[in-house]
Number of protein chains: 2
Amino acid sequence: MTATIRILGLDPGLRVTGYGVIEKNGSTLTYVSSGCVKSPDGELPDRLKNILNSVQEVISRHTPQEVAVEKVFVNVNPQSTLLLGQARGAAICAAVSRDLPVAEYTALQVKQAVVGNGHAKKEQVQEMVKRLLKLPGYPSPDAADALACAICHAHGGELAGVTTRGYRVKGGRLVK
Amino acid sequence: MTATIRILGLDPGLRVTGYGVIEKNGSTLTYVSSGCVKSPDGELPDRLKNILNSVQEVISRHTPQEVAVEKVFVNVNPQSTLLLGQARGAAICAAVSRDLPVAEYTALQVKQAVVGNGHAKKEQVQEMVKRLLKLPGYPSPDAADALACAICHAHGGELAGVTTRGYRVKGGRLVK
């Protein structure tokens, strides 16, 4: 019997932080939960506190063992980049404050792992997340990105070496 | 008798986060402690965890009631700005995780409050921090900036209205 690992995927943002929890058992992935944490307008410290507390709540409720965070896109506007960085810092702090290991993946890595194409569109990511986790409907875009990040982490170990050896992912499976 | 308020000033950075603790009693400021938290090279989540835990330790040791954080300079390099934002997010999370109120001040506000000139040089800030807190020697630059931020917060209430009414700060005191 293989051990089950519970993974929390996070897609951080200052307004909305998407989260998705999945379980990995061997090559089987099972959906556990997903949603998003919204931080209302207000002073920055209050918004960061909201992200920190809300992600800690998600961790308490779903008890993941590992966390995967999407590397955020660097915005053209430096002020937005700084704000996004602070939000991401708060989301990561929620995980490390619970002593969980945190892995980081670029959007390219996530799309490559889930769709098999690093430049896939948002709709393709949603479609593949729905298929891979056998969901009855489409997850919201924020939750889909977080779930995709968790899936990328679940596939991580195998894919990291394999994709450089001529394999690629197609339809969520490895092909030559 | 006036109540004593203990203020923690923070100057966040990914490599070095300066901190300074002072006490305010009426118009009297007293130095309590200062120093800096260093986060060694390594994976970003580990570095953020180090900032979070170290600033929480400073808070546990010196029990400030209020926190003042310097608004960081937006770097020309977006990747550096993002990293700095994440470090600052971790420092602020340390404060809000202990339910402390956090105020933010720009470097201009801090220099204006401490030196009386928003464009003062680093050495002038160090000199005024030394004088205002009656220190026997110069604090390190990181600690000086954090102490200056705490002093700015201590002066905050009075100065905010006054400086716009034709007063300015000279030698640490208000003059017409």
# chains A, B, ... in the order shown; residues from 1 in each chain; ligands from 1
$ residues_around --residues "range 38-50 of chain B" --least-positions-apart "4" --cutoff "7 Å" --atoms "only C-alpha atoms" --output "list in words"
Ile92, Cys93, Val96 and Val102 of chain A; Leu14, Arg15, Val16, Thr17, Ser54, Ala87 and Ala90 of chain B
$ select_by_dssp --residues "chain A" --states "helix (DSSP H, G or I)" --output "number ranges by chain"
A: 44-62, 78-96, 107-114, 122-132, 141-165
$ write_last_selection --atoms "C-alpha atoms" --output "mmCIF file, in the first residue's frame"
data_model
loop_
_atom_site.group_PDB
_atom_site.id
_atom_site.type_symbol
_atom_site.label_atom_id
_atom_site.label_comp_id
_atom_site.auth_asym_id
_atom_site.auth_seq_id
_atom_site.Cartn_x
_atom_site.Cartn_y
_atom_site.Cartn_z
ATOM 1 C CA LEU A 44 -2.164 46.626 3.641
ATOM 2 C CA PRO A 45 -1.338 45.105 7.075
ATOM 3 C CA ASP A 46 -5.031 44.172 7.545
ATOM 4 C CA ARG A 47 -5.155 42.575 4.103
ATOM 5 C CA LEU A 48 -1.980 40.577 4.776
ATOM 6 C CA LYS A 49 -3.395 39.488 8.144
ATOM 7 C CA ASN A 50 -6.534 38.303 6.365
ATOM 8 C CA ILE A 51 -4.493 36.231 3.869
ATOM 9 C CA LEU A 52 -2.301 34.798 6.668
ATOM 10 C CA ASN A 53 -5.252 33.837 8.880
ATOM 11 C CA SER A 54 -7.445 32.521 6.069
ATOM 12 C CA VAL A 55 -4.732 30.283 4.597
ATOM 13 C CA GLN A 56 -3.888 29.050 8.116
ATOM 14 C CA GLU A 57 -7.604 28.179 8.489
ATOM 15 C CA VAL A 58 -7.548 26.219 5.216
ATOM 16 C CA ILE A 59 -4.485 24.351 6.534
ATOM 17 C CA SER A 60 -6.180 23.596 9.867
ATOM 18 C CA ARG A 61 -9.309 22.345 8.125
ATOM 19 C CA HIS A 62 -7.668 20.184 5.448
ATOM 20 C CA PRO A 78 6.489 48.041 -9.854
ATOM 21 C CA GLN A 79 3.955 49.093 -7.202
ATOM 22 C CA SER A 80 1.653 46.192 -8.169
ATOM 23 C CA THR A 81 4.633 43.826 -8.155
ATOM 24 C CA LEU A 82 5.500 44.954 -4.622
ATOM 25 C CA LEU A 83 1.895 44.465 -3.437
ATOM 26 C CA LEU A 84 1.700 41.035 -5.055
ATOM 27 C CA GLY A 85 5.027 40.095 -3.464
ATOM 28 C CA GLN A 86 3.697 41.011 -0.023
ATOM 29 C CA ALA A 87 0.515 38.966 -0.560
ATOM 30 C CA ARG A 88 2.588 36.005 -1.705
ATOM 31 C CA GLY A 89 4.844 36.440 1.329
ATOM 32 C CA ALA A 90 1.779 36.247 3.594
ATOM 33 C CA ALA A 91 0.475 33.081 1.866
ATOM 34 C CA ILE A 92 3.880 31.382 2.190
ATOM 35 C CA CYS A 93 4.127 32.508 5.842
ATOM 36 C CA ALA A 94 0.819 30.750 6.551
ATOM 37 C CA ALA A 95 2.412 27.496 5.351
ATOM 38 C CA VAL A 96 5.835 27.869 6.983
ATOM 39 C CA ALA A 107 3.132 29.049 -14.463
ATOM 40 C CA LEU A 108 5.056 27.409 -17.311
ATOM 41 C CA GLN A 109 5.901 24.359 -15.179
ATOM 42 C CA VAL A 110 2.312 24.101 -13.950
ATOM 43 C CA LYS A 111 0.825 24.273 -17.453
ATOM 44 C CA GLN A 112 3.431 21.850 -18.765
ATOM 45 C CA ALA A 113 2.573 19.338 -16.032
ATOM 46 C CA VAL A 114 -1.189 19.645 -16.334
ATOM 47 C CA LYS A 122 -6.635 29.273 -18.855
ATOM 48 C CA GLU A 123 -9.588 27.296 -20.272
ATOM 49 C CA GLN A 124 -7.326 24.361 -21.139
ATOM 50 C CA VAL A 125 -5.979 24.339 -17.581
ATOM 51 C CA GLN A 126 -9.530 24.326 -16.199
ATOM 52 C CA GLU A 127 -10.505 21.516 -18.579
ATOM 53 C CA MET A 128 -7.525 19.326 -17.619
ATOM 54 C CA VAL A 129 -7.970 19.981 -13.891
ATOM 55 C CA LYS A 130 -11.614 18.907 -14.239
ATOM 56 C CA ARG A 131 -10.608 15.729 -16.123
ATOM 57 C CA LEU A 132 -7.602 14.741 -13.998
ATOM 58 C CA PRO A 141 -10.274 30.100 -12.477
ATOM 59 C CA ASP A 142 -8.508 30.926 -9.175
ATOM 60 C CA ALA A 143 -9.242 27.524 -7.678
ATOM 61 C CA ALA A 144 -8.284 25.818 -10.987
ATOM 62 C CA ASP A 145 -4.842 27.458 -10.948
ATOM 63 C CA ALA A 146 -4.294 26.405 -7.336
ATOM 64 C CA LEU A 147 -5.424 22.828 -8.069
ATOM 65 C CA ALA A 148 -3.189 22.785 -11.168
ATOM 66 C CA CYS A 149 -0.253 23.820 -8.991
ATOM 67 C CA ALA A 150 -1.028 20.986 -6.552
ATOM 68 C CA ILE A 151 -1.237 18.523 -9.484
ATOM 69 C CA CYS A 152 2.096 19.812 -10.802
ATOM 70 C CA HIS A 153 3.633 19.145 -7.380
ATOM 71 C CA ALA A 154 2.050 15.671 -7.231
ATOM 72 C CA HIS A 155 3.599 14.845 -10.634
ATOM 73 C CA GLY A 156 6.763 16.740 -9.731
ATOM 74 C CA GLY A 157 9.082 13.949 -8.718
ATOM 75 C CA GLU A 158 8.525 11.871 -11.847
ATOM 76 C CA LEU A 159 8.275 14.683 -14.359
ATOM 77 C CA ALA A 160 11.287 16.695 -13.338
ATOM 78 C CA GLY A 161 13.692 14.171 -14.806
ATOM 79 C CA VAL A 162 11.459 12.673 -17.445
ATOM 80 C CA THR A 163 10.512 15.726 -19.479
ATOM 81 C CA THR A 164 14.147 16.412 -20.225
ATOM 82 C CA ARG A 165 14.565 12.878 -21.592
#
$ closest_residue --among "A:Leu8, A:Cys36, A:Gly18, A:Val76" --to "chain B" --atoms "only C-alpha atoms"
A:Val76
$ select_by_dssp --residues "range 7-174 of chain B" --states "strand (DSSP E)" --output "ChimeraX atom specification"
/B:7-11,16-25,28-38,66-70,102-105,168-170,173-174
$ write_last_selection --atoms "C-alpha atoms" --output "compact mmCIF listing (two decimals), in the first residue's frame"
# COMPACT_ATOMS: atom_id res chain seq x y z
CA ILE B 7 7.16 50.82 19.62
CA LEU B 8 8.92 48.38 17.30
CA GLY B 9 10.33 49.88 14.11
CA LEU B 10 11.12 47.56 11.18
CA ASP B 11 13.18 48.12 8.05
CA VAL B 16 18.70 41.94 6.38
CA THR B 17 15.70 43.19 8.32
CA GLY B 18 16.63 45.95 10.77
CA TYR B 19 14.65 46.37 13.97
CA GLY B 20 14.59 48.98 16.70
CA VAL B 21 12.53 49.17 19.88
CA ILE B 22 11.91 52.44 21.71
CA GLU B 23 9.61 53.64 24.48
CA LYS B 24 7.57 56.80 24.27
CA ASN B 25 6.40 58.53 27.43
CA THR B 28 10.35 61.49 26.06
CA LEU B 29 11.78 58.75 23.88
CA THR B 30 13.90 55.98 25.40
CA TYR B 31 16.00 53.45 23.57
CA VAL B 32 15.19 49.80 24.40
CA SER B 33 16.94 47.62 21.84
CA SER B 34 17.94 47.33 18.21
CA GLY B 35 19.68 45.01 15.82
CA CYS B 36 19.06 43.08 12.67
CA VAL B 37 17.75 39.75 11.54
CA LYS B 38 19.75 38.10 8.79
CA GLU B 66 2.71 49.11 18.19
CA VAL B 67 4.74 48.43 15.06
CA ALA B 68 6.00 50.90 12.44
CA VAL B 69 7.32 49.58 9.12
CA GLU B 70 9.22 51.52 6.51
CA VAL B 102 1.07 48.15 12.05
CA ALA B 103 1.63 51.66 10.66
CA GLU B 104 3.55 52.32 7.44
CA TYR B 105 5.80 55.29 6.70
CA ARG B 168 9.06 71.94 10.47
CA VAL B 169 11.40 69.72 12.40
CA LYS B 170 14.88 71.02 13.05
CA ARG B 173 12.41 69.65 17.52
CA LEU B 174 9.50 71.49 16.01
$ closest_residue --among "A:Asn75, A:Thr63, A:Ser140, A:Thr4" --to "Gly26 in chain A" --atoms "only C-alpha atoms"
A:Thr4
$ closest_residue --among "A:Gly13, A:Arg6, A:Ser27, A:Val72" --to "chain B" --atoms "only C-alpha atoms"
A:Val72
$ atom_distance --atom1 "CA of Leu133 in chain A" --atom2 "CA of Pro64 in chain A"
17.0 Å
$ atom_distance --atom1 "CA of Lys134 in chain A" --atom2 "CA of Gly116 in chain A"
17.9 Å
$ atom_distance --atom1 "CA of Lys121 in chain B" --atom2 "CA of Thr106 in chain B"
14.7 Å
$ closest_residue --among "A:Arg98, A:Ile5, A:His119, A:Gln65" --to "chain B" --atoms "only C-alpha atoms"
A:Arg98
$ closest_residue --among "B:Thr2, B:Leu135, B:Pro101, B:Pro12" --to "chain A" --atoms "only C-alpha atoms"
B:Pro101
